[in-house]
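Visitor: Structure file input.txt (compact mmCIF, C-alpha atoms) is given on the next line.
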# COMPACT_ATOMS: atom_id res chain seq x y z
CA MET A 220 1.89 12.00 -35.15
CA ALA A 221 -1.09 9.67 -35.03
CA SER A 222 -0.83 6.19 -36.44
CA ALA A 223 -2.35 5.57 -39.88
CA ARG A 224 -4.22 2.59 -38.39
CA PRO A 225 -7.46 4.03 -36.95
CA LYS A 226 -8.99 2.66 -33.77
CA ILE A 227 -12.64 1.65 -34.20
CA ALA A 228 -15.09 0.79 -31.42
CA VAL A 229 -17.45 -1.92 -32.71
CA PHE A 230 -20.81 -3.03 -31.36
CA GLY A 231 -23.98 -4.64 -32.64
CA CYS A 232 -27.55 -3.72 -31.88
CA ALA A 233 -31.03 -5.13 -32.40
CA TYR A 234 -34.60 -4.43 -31.27
CA GLY A 235 -35.43 -7.02 -28.67
CA GLY A 236 -38.82 -8.68 -28.26
CA TYR A 237 -40.34 -8.12 -31.72
CA ASN A 238 -39.34 -11.31 -33.58
CA LEU A 239 -37.02 -9.38 -35.91
CA GLY A 240 -34.05 -11.72 -35.62
CA GLU A 241 -32.33 -10.42 -32.51
CA GLU A 242 -30.96 -13.92 -31.87
CA LEU A 243 -28.84 -13.58 -35.06
CA ALA A 244 -26.93 -10.56 -33.76
CA PRO A 245 -24.10 -12.40 -31.91
CA ALA A 246 -23.15 -14.38 -35.01
CA LYS A 247 -23.09 -11.20 -37.11
CA ILE A 248 -20.83 -9.46 -34.59
CA ALA A 249 -18.49 -12.46 -34.79
CA GLU A 250 -18.47 -12.22 -38.61
CA PHE A 251 -17.48 -8.57 -38.41
CA LYS A 252 -14.67 -9.41 -36.02
CA GLU A 253 -13.21 -11.77 -38.61
CA ARG A 254 -13.65 -9.32 -41.49
CA LEU A 255 -12.11 -6.38 -39.64
CA SER A 256 -9.05 -8.44 -38.78
CA ARG A 257 -8.18 -8.23 -42.49
CA LEU A 258 -8.34 -4.44 -42.68
CA GLU A 259 -5.71 -1.93 -41.60
CA VAL A 260 -7.64 -0.90 -38.50
CA SER A 261 -7.45 -1.54 -34.79
CA ALA A 262 -10.88 -2.76 -33.61
CA VAL A 263 -12.21 -3.09 -30.06
CA PHE A 264 -15.47 -4.96 -29.59
CA HIS A 265 -18.42 -4.90 -27.22
CA GLU A 266 -19.21 -8.60 -27.29
CA GLN A 267 -22.88 -8.44 -26.24
CA ALA A 268 -25.48 -7.06 -28.63
CA ALA A 269 -27.30 -3.98 -27.34
CA LEU A 270 -31.06 -4.60 -27.35
CA ASP A 271 -32.54 -1.55 -25.62
CA VAL A 272 -31.83 2.02 -24.58
CA ARG A 273 -30.12 1.03 -21.35
CA SER A 274 -27.72 -1.44 -22.96
CA MET A 275 -26.96 1.06 -25.74
CA ARG A 276 -25.94 3.67 -23.20
CA GLU A 277 -23.91 1.15 -21.20
CA CYS A 278 -22.11 0.16 -24.39
CA GLY A 279 -21.29 3.81 -25.08
CA GLU A 280 -20.01 4.29 -21.55
CA SER A 281 -17.71 1.28 -21.86
CA PHE A 282 -16.16 2.71 -25.04
CA SER A 283 -15.86 6.25 -23.71
CA ALA A 284 -13.62 4.94 -20.94
CA GLN A 285 -11.12 3.63 -23.52
CA PRO A 286 -8.41 6.00 -24.82
CA GLY A 287 -7.76 6.72 -28.47
CA ILE A 288 -11.10 5.74 -30.01
CA ASP A 289 -11.41 7.44 -33.41
CA CYS A 290 -14.87 6.35 -34.48
CA VAL A 291 -17.63 3.79 -33.93
CA LEU A 292 -18.96 1.02 -36.14
CA CYS A 293 -22.58 0.29 -35.26
CA ILE A 294 -23.71 -3.05 -36.70
CA VAL A 295 -27.46 -2.67 -37.19
CA THR A 296 -28.77 -6.24 -37.30
CA THR A 297 -32.53 -5.50 -37.12
CA PHE A 298 -34.78 -2.49 -37.18
CA VAL A 299 -33.64 -0.24 -34.30
CA PRO A 300 -35.33 2.93 -33.00
CA ASP A 301 -33.36 6.10 -33.64
CA HIS A 302 -33.27 7.11 -29.99
CA PHE A 303 -31.29 3.93 -29.23
CA VAL A 304 -28.37 5.36 -31.22
CA VAL A 305 -28.82 8.80 -29.67
CA SER A 306 -28.55 7.17 -26.24
CA PHE A 307 -25.25 5.55 -27.29
CA LEU A 308 -23.86 8.86 -28.61
CA ASP A 309 -24.86 10.64 -25.41
CA ALA A 310 -22.26 8.45 -23.72
CA CYS A 311 -19.73 8.14 -26.56
CA ASP A 312 -19.90 11.10 -28.94
CA LYS A 313 -17.73 9.89 -31.82
CA PRO A 314 -18.21 9.80 -35.60
CA ILE A 315 -20.47 6.79 -36.18
CA PHE A 316 -20.57 4.47 -39.17
CA LEU A 317 -23.92 2.66 -39.38
CA TRP A 318 -23.83 -0.67 -41.21
CA ALA A 319 -27.36 -1.99 -41.76
CA VAL A 320 -26.85 -5.71 -42.45
CA GLU A 321 -28.90 -6.61 -45.51
CA ARG A 322 -29.48 -10.34 -45.29
CA GLU A 323 -32.72 -11.76 -43.84
CA MET A 324 -35.92 -10.06 -44.94
CA ARG A 325 -37.53 -10.21 -41.50
CA CYS A 326 -34.71 -8.19 -39.91
CA ILE A 327 -35.62 -5.06 -41.98
CA SER A 328 -32.42 -3.42 -40.77
CA VAL A 329 -32.08 -0.92 -43.59
CA VAL A 330 -35.53 0.50 -42.80
CA CYS A 331 -34.19 2.30 -39.74
CA GLY A 332 -31.16 3.70 -41.55
CA PRO A 333 -32.72 6.94 -42.83
CA LEU A 334 -34.73 7.14 -39.62
CA ILE A 335 -31.50 7.27 -37.60
CA THR A 336 -29.50 9.47 -39.97
CA ALA A 337 -32.23 12.11 -40.20
CA THR A 338 -32.06 12.35 -36.41
CA LEU A 339 -28.26 12.51 -36.42
CA TYR A 340 -28.42 15.25 -39.05
CA GLU A 341 -30.66 17.34 -36.79
CA LEU A 342 -28.24 16.82 -33.90
CA GLY A 343 -25.18 17.80 -35.95
CA LYS A 344 -23.44 14.43 -35.61
CA LYS A 345 -20.79 12.95 -37.89
CA TYR A 346 -22.12 9.78 -39.50
CA MET A 347 -22.34 7.52 -42.53
CA LEU A 348 -24.81 4.79 -43.48
CA VAL A 349 -24.39 1.75 -45.71
CA GLY A 350 -26.87 -1.03 -46.39
CA ALA A 351 -25.08 -4.22 -47.39
CA ASP A 352 -24.35 -7.76 -46.30
CA ILE A 353 -21.25 -8.44 -44.23
CA GLY A 354 -18.13 -8.66 -46.40
CA ASP A 355 -19.25 -6.17 -49.04
CA ASP A 356 -16.00 -4.78 -50.47
CA GLU A 357 -17.28 -1.32 -51.38
CA SER A 358 -18.80 -0.82 -47.92
CA GLU A 359 -15.55 -1.90 -46.30
CA ARG A 360 -13.66 0.68 -48.37
CA GLU A 361 -16.14 3.32 -47.21
CA LEU A 362 -15.66 2.21 -43.61
CA LEU A 363 -11.89 2.44 -43.96
CA ALA A 364 -12.05 5.96 -45.44
CA PHE A 365 -14.51 7.03 -42.73
CA SER A 366 -12.36 5.68 -39.92
CA ARG A 367 -9.18 7.24 -41.37
CA ALA A 368 -10.91 10.61 -41.68
CA ALA A 369 -12.07 10.33 -38.07
CA MET A 370 -8.53 9.43 -37.01
CA ALA A 371 -7.15 12.47 -38.82
CA LEU A 372 -9.75 14.76 -37.26
CA ARG A 373 -8.90 13.52 -33.77
CA ALA A 374 -5.19 13.98 -34.48
CA MET A 375 -5.73 17.53 -35.71
CA LYS A 376 -7.72 18.38 -32.58
CA GLU A 377 -4.88 17.14 -30.41
CA ALA A 378 -2.08 18.70 -32.51
CA ARG A 379 0.13 21.64 -31.62
CA VAL A 380 1.71 23.64 -34.43
CA GLY A 381 4.58 26.04 -33.83
CA TYR A 382 4.35 29.33 -35.72
CA ILE A 383 7.78 30.97 -35.88
CA GLY A 384 8.18 34.44 -37.33
CA GLY A 385 4.62 34.89 -38.60
CA LYS A 386 3.72 35.50 -42.25
CA ASN A 387 6.23 36.76 -44.79
CA ASN A 388 6.17 40.28 -46.17
CA ILE A 389 5.71 39.58 -49.89
CA MET A 390 2.54 37.43 -49.80
CA PHE A 391 -0.56 39.28 -48.59
CA ASN A 392 -2.77 36.19 -48.72
CA MET A 393 -0.44 34.20 -46.48
CA THR A 394 -2.41 35.69 -43.59
CA ALA A 395 -3.61 32.86 -41.36
CA ASP A 396 -6.55 32.86 -38.94
CA ASP A 397 -5.78 31.08 -35.66
CA PHE A 398 -9.41 31.30 -34.57
CA ALA A 399 -10.71 29.75 -37.79
CA ILE A 400 -8.25 26.88 -37.46
CA LYS A 401 -9.19 26.29 -33.82
CA ARG A 402 -12.90 26.49 -34.59
CA THR A 403 -12.85 24.11 -37.56
CA LEU A 404 -9.98 21.69 -36.93
CA GLY A 405 -9.37 22.22 -33.22
CA THR A 406 -5.63 22.60 -33.77
CA THR A 407 -3.62 24.67 -31.28
CA ILE A 408 -1.21 27.26 -32.69
CA ASP A 409 1.81 28.11 -30.53
CA VAL A 410 3.28 31.47 -31.58
CA ILE A 411 7.04 31.32 -30.99
CA PRO A 412 9.24 34.45 -31.20
CA LEU A 413 11.81 34.33 -33.96
CA GLU A 414 14.36 35.66 -31.45
CA GLU A 415 14.05 32.44 -29.45
CA PHE A 416 14.94 30.46 -32.55
CA TYR A 417 17.96 32.67 -33.28
CA ASP A 418 19.20 32.43 -29.71
CA LEU A 419 19.05 28.64 -29.81
CA ALA A 420 20.80 28.48 -33.18
CA ARG A 421 23.65 30.68 -31.96
CA SER A 422 24.10 28.51 -28.87
CA VAL A 423 24.74 25.29 -30.83
CA PRO A 424 28.40 24.26 -30.41
CA ARG A 425 30.29 24.17 -33.69
CA ASP A 426 31.52 20.59 -33.18
CA GLU A 427 27.97 19.40 -32.45
CA ALA A 428 26.66 21.00 -35.65
CA LEU A 429 29.54 19.55 -37.67
CA ALA A 430 28.96 16.07 -36.29
CA GLU A 431 25.26 16.30 -37.16
CA TRP A 432 26.12 17.52 -40.65
CA ARG A 433 28.37 14.53 -41.29
CA GLU A 434 25.46 12.23 -40.43
CA VAL A 435 23.23 14.11 -42.85
CA VAL A 436 25.72 13.79 -45.70
CA LYS A 437 25.66 10.00 -45.30
CA LYS A 438 21.99 10.04 -46.35
CA VAL A 439 22.51 11.68 -49.76
CA GLY A 440 24.20 10.98 -53.06
CA ALA A 441 26.09 14.23 -53.57
CA CYS A 442 27.18 17.27 -51.61
CA SER A 443 28.86 20.49 -52.73
CA VAL A 444 28.20 22.74 -49.72
CA ALA A 445 30.81 24.94 -48.06
CA GLU A 446 31.53 24.00 -44.45
CA GLU A 447 30.36 27.32 -42.97
CA SER A 448 27.02 27.06 -44.77
CA ALA A 449 26.70 23.46 -43.61
CA ILE A 450 27.34 24.40 -39.97
CA GLU A 451 24.90 27.31 -40.10
CA SER A 452 22.10 25.25 -41.67
CA THR A 453 22.66 22.34 -39.30
CA SER A 454 22.65 24.69 -36.30
CA ASN A 455 19.31 26.01 -37.51
CA PHE A 456 17.99 22.46 -37.74
CA LEU A 457 19.12 21.67 -34.20
CA ALA A 458 17.49 24.87 -32.96
CA ALA A 459 14.21 24.07 -34.69
CA ARG A 460 14.28 20.53 -33.34
CA ALA A 461 14.87 21.89 -29.83
CA LEU A 462 11.76 24.06 -30.17
CA VAL A 463 9.74 21.05 -31.31
CA GLU A 464 10.81 19.20 -28.19
CA LYS A 465 10.35 22.17 -25.85
CA TYR A 466 6.79 22.96 -26.98
CA SER A 467 5.75 19.33 -27.79
CA LEU A 468 4.98 20.29 -31.37
CA ASP A 469 3.55 18.03 -34.07
CA ALA A 470 4.40 20.51 -36.84
CA ILE A 471 6.28 23.75 -37.31
CA SER A 472 5.90 26.74 -39.62
CA ILE A 473 8.96 28.91 -40.20
CA ASN A 474 9.02 32.28 -41.92
CA CYS A 475 12.20 32.14 -43.97
CA PHE A 476 11.67 35.33 -45.97
CA PRO A 477 13.69 37.45 -46.41
CA TYR A 478 16.48 36.66 -43.91
CA LEU A 479 16.67 32.90 -43.38
CA LYS A 480 15.81 31.68 -46.88
CA SER A 481 18.12 28.78 -47.85
CA ARG A 482 19.61 28.66 -44.35
CA ILE A 483 16.44 26.94 -43.09
CA CYS A 484 15.73 24.55 -46.01
CA LEU A 485 17.72 21.71 -44.47
CA ALA A 486 15.86 22.04 -41.16
CA VAL A 487 12.49 21.87 -42.93
CA SER A 488 13.61 18.77 -44.86
CA LEU A 489 14.98 16.88 -41.87
CA LEU A 490 12.04 17.68 -39.59
CA SER A 491 9.60 16.44 -42.23
CA ASP A 492 11.53 13.19 -42.40
CA MET A 493 11.13 12.94 -38.62
CA ASN A 494 7.32 13.08 -39.06
CA VAL A 495 7.26 16.70 -37.86
CA ALA A 496 5.39 18.42 -40.68
CA SER A 497 7.33 21.54 -41.66
CA ALA A 498 6.73 24.33 -44.12
CA CYS A 499 8.65 27.45 -45.06
CA GLU A 500 7.76 31.05 -46.05
CA GLY A 501 5.58 31.48 -42.97
CA ASP A 502 2.75 29.48 -44.57
CA LEU A 503 0.88 28.19 -41.54
CA TYR A 504 -1.87 26.63 -43.65
CA SER A 505 0.64 24.58 -45.65
CA THR A 506 2.07 23.29 -42.38
CA ILE A 507 -1.38 22.23 -41.22
CA LEU A 508 -2.14 20.45 -44.49
CA MET A 509 1.21 18.66 -44.40
CA LEU A 510 0.39 17.50 -40.88
CA LEU A 511 -3.04 16.30 -42.01
CA LEU A 512 -1.66 14.40 -45.01
CA GLY A 513 1.15 12.90 -42.96
CA THR A 514 -1.34 11.71 -40.37
CA LEU A 515 -3.40 9.95 -43.03
CA THR A 516 -0.46 8.24 -44.72
CA GLU A 517 2.42 8.03 -42.21
CA THR A 518 4.67 9.41 -44.96
CA PRO A 519 6.23 12.86 -45.51
CA SER A 520 4.10 15.25 -47.51
CA PHE A 521 5.02 17.60 -50.34
CA ASN A 522 5.00 21.41 -50.31
CA GLY A 523 5.49 23.37 -53.48
CA ASP A 524 4.46 26.20 -55.76
CA PHE A 525 2.16 25.81 -58.74
CA LEU A 526 5.16 26.40 -60.97
CA ARG A 527 4.83 25.59 -64.68
CA LEU A 528 2.31 24.25 -67.22
CA TYR A 529 2.95 21.55 -69.83
CA PRO A 530 -0.25 21.73 -71.92
CA GLU A 531 0.84 19.11 -74.46
CA ASN A 532 0.83 16.40 -71.78
CA GLN A 533 -1.81 17.86 -69.44
CA GLU A 534 0.88 18.14 -66.76
CA VAL A 535 1.81 20.72 -64.14
CA LEU A 536 5.13 21.11 -62.34
CA PHE A 537 5.04 21.82 -58.61
CA SER A 538 8.20 22.65 -56.68
CA HIS A 539 9.94 24.61 -53.98
CA CYS A 540 13.57 25.66 -54.11
CA GLY A 541 14.99 22.91 -51.88
CA SER A 542 13.20 22.05 -48.65
CA GLY A 543 11.54 18.70 -49.36
CA ALA A 544 11.74 15.63 -47.17
CA PHE A 545 14.41 13.12 -48.19
CA GLY A 546 11.71 10.44 -48.09
CA LEU A 547 9.99 11.84 -51.18
CA SER A 548 12.98 11.02 -53.38
CA ASP A 549 13.02 7.69 -55.20
CA CYS A 550 16.52 6.86 -53.97
CA ARG A 551 19.25 8.28 -51.74
CA GLU A 552 21.73 8.60 -54.61
CA ARG A 553 19.54 11.18 -56.39
CA ILE A 554 19.52 13.59 -53.45
CA SER A 555 22.02 16.45 -53.72
CA LEU A 556 22.93 19.05 -51.10
CA GLN A 557 24.03 22.26 -52.80
CA LYS A 558 23.76 26.04 -52.83
CA SER A 559 20.29 27.46 -53.40
CA ILE A 560 19.58 28.65 -56.92
CA GLU A 561 17.71 31.63 -55.48
CA THR A 562 20.28 32.92 -53.00
CA ASN A 563 23.52 31.27 -54.16
CA ASP A 564 24.26 30.20 -50.59
CA GLY A 565 22.91 28.04 -47.79
CA VAL A 566 21.91 24.40 -48.23
CA ALA A 567 19.24 23.33 -50.70
CA VAL A 568 17.95 19.76 -50.78
CA VAL A 569 17.62 18.89 -54.45
CA TYR A 570 16.03 15.82 -56.06
CA PRO A 571 13.17 14.91 -58.40
CA THR A 572 10.17 13.71 -56.40
CA ARG A 573 9.47 10.07 -57.15
CA ARG A 574 6.60 9.18 -59.46
CA SER A 575 3.38 7.71 -58.15
CA GLU A 576 0.12 6.33 -59.51
CA HIS A 577 -1.74 8.73 -57.23
CA VAL A 578 -0.97 12.28 -56.15
CA THR A 579 -3.48 14.20 -54.02
CA LEU A 580 -2.76 17.92 -53.69
CA LEU A 581 -4.45 20.38 -51.33
CA ASN A 582 -4.53 24.12 -50.86
CA LEU A 583 -5.98 25.87 -47.78
CA ILE A 584 -6.54 29.61 -47.72
CA GLY A 585 -8.80 32.30 -46.31
CA THR A 586 -9.87 33.73 -42.98
CA GLY A 587 -12.96 33.65 -40.79
CA ASN A 588 -15.95 32.09 -42.53
CA ARG A 589 -14.14 32.29 -45.87
CA LEU A 590 -11.70 29.51 -45.02
CA ARG A 591 -11.68 27.20 -48.05
CA LEU A 592 -9.99 24.07 -49.33
CA ALA A 593 -9.14 23.05 -52.89
CA MET A 594 -8.08 19.60 -54.10
CA LEU A 595 -6.34 18.26 -57.17
CA HIS A 596 -5.73 14.63 -58.04
CA GLY A 597 -3.46 13.23 -60.72
CA ARG A 598 -0.65 10.87 -61.53
CA GLY A 599 2.95 11.59 -60.58
CA MET A 600 5.27 11.48 -63.59
CA ASP A 601 9.02 11.36 -64.14
CA THR A 602 10.66 14.76 -64.07
CA ASP A 603 14.07 16.32 -64.42
CA LEU A 604 15.92 18.99 -62.45
CA GLU A 605 15.54 21.83 -64.94
CA TYR A 606 14.22 23.67 -61.90
CA GLU A 607 16.66 22.91 -59.10
CA GLY A 608 14.65 22.12 -56.02
CA THR A 609 12.22 19.32 -55.29
CA PRO A 610 10.09 19.22 -58.46
CA MET A 611 7.03 17.01 -58.78
CA ARG A 612 5.36 16.71 -62.17
CA VAL A 613 1.71 15.66 -62.17
CA ARG A 614 -0.48 14.56 -65.08
CA PHE A 615 -4.18 15.41 -64.88
CA GLU A 616 -7.25 14.14 -66.69
CA VAL A 617 -8.23 17.64 -67.77
CA PRO A 618 -6.27 20.32 -69.69
CA THR A 619 -3.84 22.48 -67.75
CA LYS A 620 -5.73 25.61 -68.80
CA THR A 621 -8.82 24.16 -67.16
CA ILE A 622 -6.84 23.43 -64.00
CA LEU A 623 -5.49 26.99 -63.84
CA ARG A 624 -8.90 28.52 -64.54
CA SER A 625 -10.48 26.38 -61.82
CA ILE A 626 -7.85 27.46 -59.29
CA VAL A 627 -8.57 31.10 -60.06
CA GLU A 628 -12.36 30.67 -59.86
CA ALA A 629 -12.13 28.77 -56.56
CA GLY A 630 -9.91 31.45 -55.02
CA ALA A 631 -7.19 28.88 -54.29
CA GLY A 632 -3.61 29.90 -53.64
CA HIS A 633 -0.22 29.08 -55.14
CA HIS A 634 1.16 26.74 -52.44
CA TRP A 635 0.05 23.12 -52.85
CA ASN A 636 0.65 20.34 -50.38
CA GLY A 637 0.54 16.77 -51.55
CA THR A 638 0.85 13.12 -50.78
CA LEU A 639 1.74 10.25 -53.08
CA HIS A 640 -1.50 8.52 -52.12
CA ASP A 641 -5.19 8.76 -52.97
CA VAL A 642 -6.90 10.32 -49.95
CA ARG A 643 -9.76 12.05 -51.74
CA ALA A 644 -12.50 10.20 -49.87
CA GLU A 645 -11.01 11.12 -46.50
CA ILE A 646 -10.61 14.79 -47.46
CA GLU A 647 -14.22 15.01 -48.67
CA LEU A 648 -15.44 13.64 -45.34
CA LEU A 649 -13.24 16.04 -43.37
CA SER A 650 -14.53 18.96 -45.42
CA GLY A 651 -18.11 18.09 -44.50
CA TRP A 652 -17.33 17.51 -40.83
CA THR A 653 -15.41 20.77 -40.42
CA SER A 654 -17.64 22.90 -42.65
CA ILE A 655 -14.59 23.98 -44.68
CA PRO A 656 -15.88 24.17 -48.27
CA LEU A 657 -14.00 21.91 -50.70
CA SER A 658 -13.47 22.62 -54.40
CA LYS A 659 -12.51 19.51 -56.40
CA LEU A 660 -10.58 20.97 -59.30
CA GLY A 661 -8.96 18.11 -61.21
So that I can check it, write out the structure of this file as structure tokens.
Guide:
Amino acid sequence: MASARPKIAVFGCAYGGYNLGEELAPAKIAEFKERLSRLEVSAVFHEQAALDVRSMRECGESFSAQPGIDCVLCIVTTFVPDHFVVSFLDACDKPIFLWAVEREMRCISVVCGPLITATLYELGKKYMLVGADIGDDESERELLAFSRAAMALRAMKEARVGYIGGKNNIMFNMTADDFAIKRTLGTTIDVIPLEEFYDLARSVPRDEALAEWREVVKKVGACSVAEESAIESTSNFLAARALVEKYSLDAISINCFPYLKSRICLAVSLLSDMNVASACEGDLYSTILMLLLGTLTETPSFNGDFLRLYPENQEVLFSHCGSGAFGLSDCRERISLQKSIETNDGVAVVYPTRRSEHVTLLNLIGTGNRLRLAMLHGRGMDTDLEYEGTPMRVRFEVPTKTILRSIVEAGAGHHWNGTLHDVRAEIELLSGWTSIPLSKLG
């Protein structure tokens, strides 16, 4: 998966020959170099300020030759004609963050901001504009969110997601649209026959599966699984991992219903801990959201049902029956491997998800031009294991009845995918860039 440290191409520009302060540009570029060294970004600089159309295009060409650029920071040090920026983007078509440096009056840098952005709007570009002096904290936070969103979008365009077994047969709205995903996010879906998975699982030597299982048990606090169930579940994990390697997958969706069920939970858990986003029940959209959230945070993401309301505390419980990443538990000792409560067999990974000051939850659903995204944000609370699985209890700022009503009105689904981080700003940007409508529900 992509690193959570976005790569930003940085250059400064001015309008030469009009006594607007072009001579101040090099010092301002140097100031930005120092400021960006403090942020969690990787910055590459064009040292010379671009002063005309030709130098703007040459600057863009120099960046386009570099691999892995997520977005561009354009330091606008004086008034600059809009076609200067268009010339740059002709050579380096990346999301562009325009920072009009508000300092000296004669530079009138912010004047050209709306001039440029109106042009970029017409051309369908991805952009943001701030007007502030160098070092402005709020603008730096906006730059960081913008660059992280651009990083995630590039990662999604490059990602390959394995789709094993298709949708399940008890959830009509689990239907996924490969074309809509490719058109909006650029993600490639590799459809993999379920028979290939079964063949690989059956070919795993028993001693290899048992050795792998013993390593897994070392990572948890308790285990009460029968050996045959352990070997079967571990063989399924090794088969799924082999498919990830064979097809160079960044994420994998597995239809567990009705035959695999708890026999695949361990595989989903372990793959997620390996930074291979994994979701069960044939929910391709959950897999994609888990990949997106993992890319933004470099941590495993959560997948669970909208399970139970606690109106007295404005809290909702989300959980699945036992397929969460070990890394979402607060400590190894609280993880238990045991039979699934739903099937009374297999291997369920059971623990309460650790609490967090921020929880961002997403739901993606729909087909064609009705693809839509919903977002919740709250605070992760302590929970128990009254529901044996991987429960996460979240407190919201609005009543639970309001949350449920909003989900219904937005046409959101029952599977929610979350991260123990605040990524709302990044998700809002991605919604705008991909034209996937976003409903902010709580």
Visitor: Would you list the contacts of Leu339 of chain A as a ChimeraX atom specification, taking every protein, DNA or RNA residue within 10 Å and counting all atoms listed in the file, but skipping same-chain residues closer than 4 positions in sequence?
Guide: /A:301-302,304-305,308,315,333-335,343-347
Visitor: When you count all atoms listed in the file, which of these residues is closest to Arg322 of chain A: A:Lys247, A:Gly565, A:Glu377, A:Ile554?
Guide: A:Lys247
Visitor: Which is closer to Val439 of chain A than all the others in A:Glu628, A:Phe230, A:Tyr570, A:Gly235, using all atoms listed in the file?
Guide: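 Of the candidates, the smallest distance to Val439 of chain A is held by A:Tyr570.
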Visitor: Do a neighbour search on Tyr237 of chain A at 12 Å with all atoms listed in the file, toss out local chain neighbours closer than 3 positions, and write the hits as an NGL selection string.
Guide: :A and (233-234 or 240-242 or 270-271 or 297-299 or 325-327)
Visitor: Go ahead and save the picked residues with C-alpha atoms, as an mmCIF file, in the frame of the given file.
Guide:
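Once everything was written out, this is result.cif:
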data_model
loop_
_atom_site.group_PDB
_atom_site.id
_atom_site.type_symbol
_atom_site.label_atom_id
_atom_site.label_comp_id
_atom_site.auth_asym_id
_atom_site.auth_seq_id
_atom_site.Cartn_x
_atom_site.Cartn_y
_atom_site.Cartn_z
ATOM 1 C CA ALA A 233 -31.030 -5.130 -32.400
ATOM 2 C CA TYR A 234 -34.600 -4.430 -31.270
ATOM 3 C CA GLY A 240 -34.050 -11.720 -35.620
ATOM 4 C CA GLU A 241 -32.330 -10.420 -32.510
ATOM 5 C CA GLU A 242 -30.960 -13.920 -31.870
ATOM 6 C CA LEU A 270 -31.060 -4.600 -27.350
ATOM 7 C CA ASP A 271 -32.540 -1.550 -25.620
ATOM 8 C CA THR A 297 -32.530 -5.500 -37.120
ATOM 9 C CA PHE A 298 -34.780 -2.490 -37.180
ATOM 10 C CA VAL A 299 -33.640 -0.240 -34.300
ATOM 11 C CA ARG A 325 -37.530 -10.210 -41.500
ATOM 12 C CA CYS A 326 -34.710 -8.190 -39.910
ATOM 13 C CA ILE A 327 -35.620 -5.060 -41.980
#
Visitor: Counting only C-alpha atoms, which residues have an atom no more than 9 Å from (-9.2, 17.6, -59.0) in the file's coordinates? Please list them as a ChimeraX atom specification.
Guide: /A:579-580,593-597,615-617,622,658-661
Visitor: Identify which of the residues A:Leu511, A:Val535, A:Leu623, A:Val578 lies closest to Arg367 of chain A, counting all atoms listed in the file when measuring atom-to-atom distances.
Guide: A:Leu511
Visitor: One decimal, Å: what's the distance from atom CA of Ala371 of chain A over to atom CA of Tyr466 of chain A, could you say?
Guide: 21.1 Å
Visitor: In terms of the shortest atom-to-atom distance over all atoms listed in the file, which of A:Val435, A:Ala420, A:Ile411, A:Val627 is closest to Glu451 of chain A?
Guide: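 With all atoms listed in the file as the atom set, the closest residue is A:Ala420.
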Visitor: Counting all atoms listed in the file, figure out which residue out of A:Gln267, A:Gly350, A:Gly405, A:Phe537 gets nearest to Trp652 of chain A.
Guide: A:Gly405
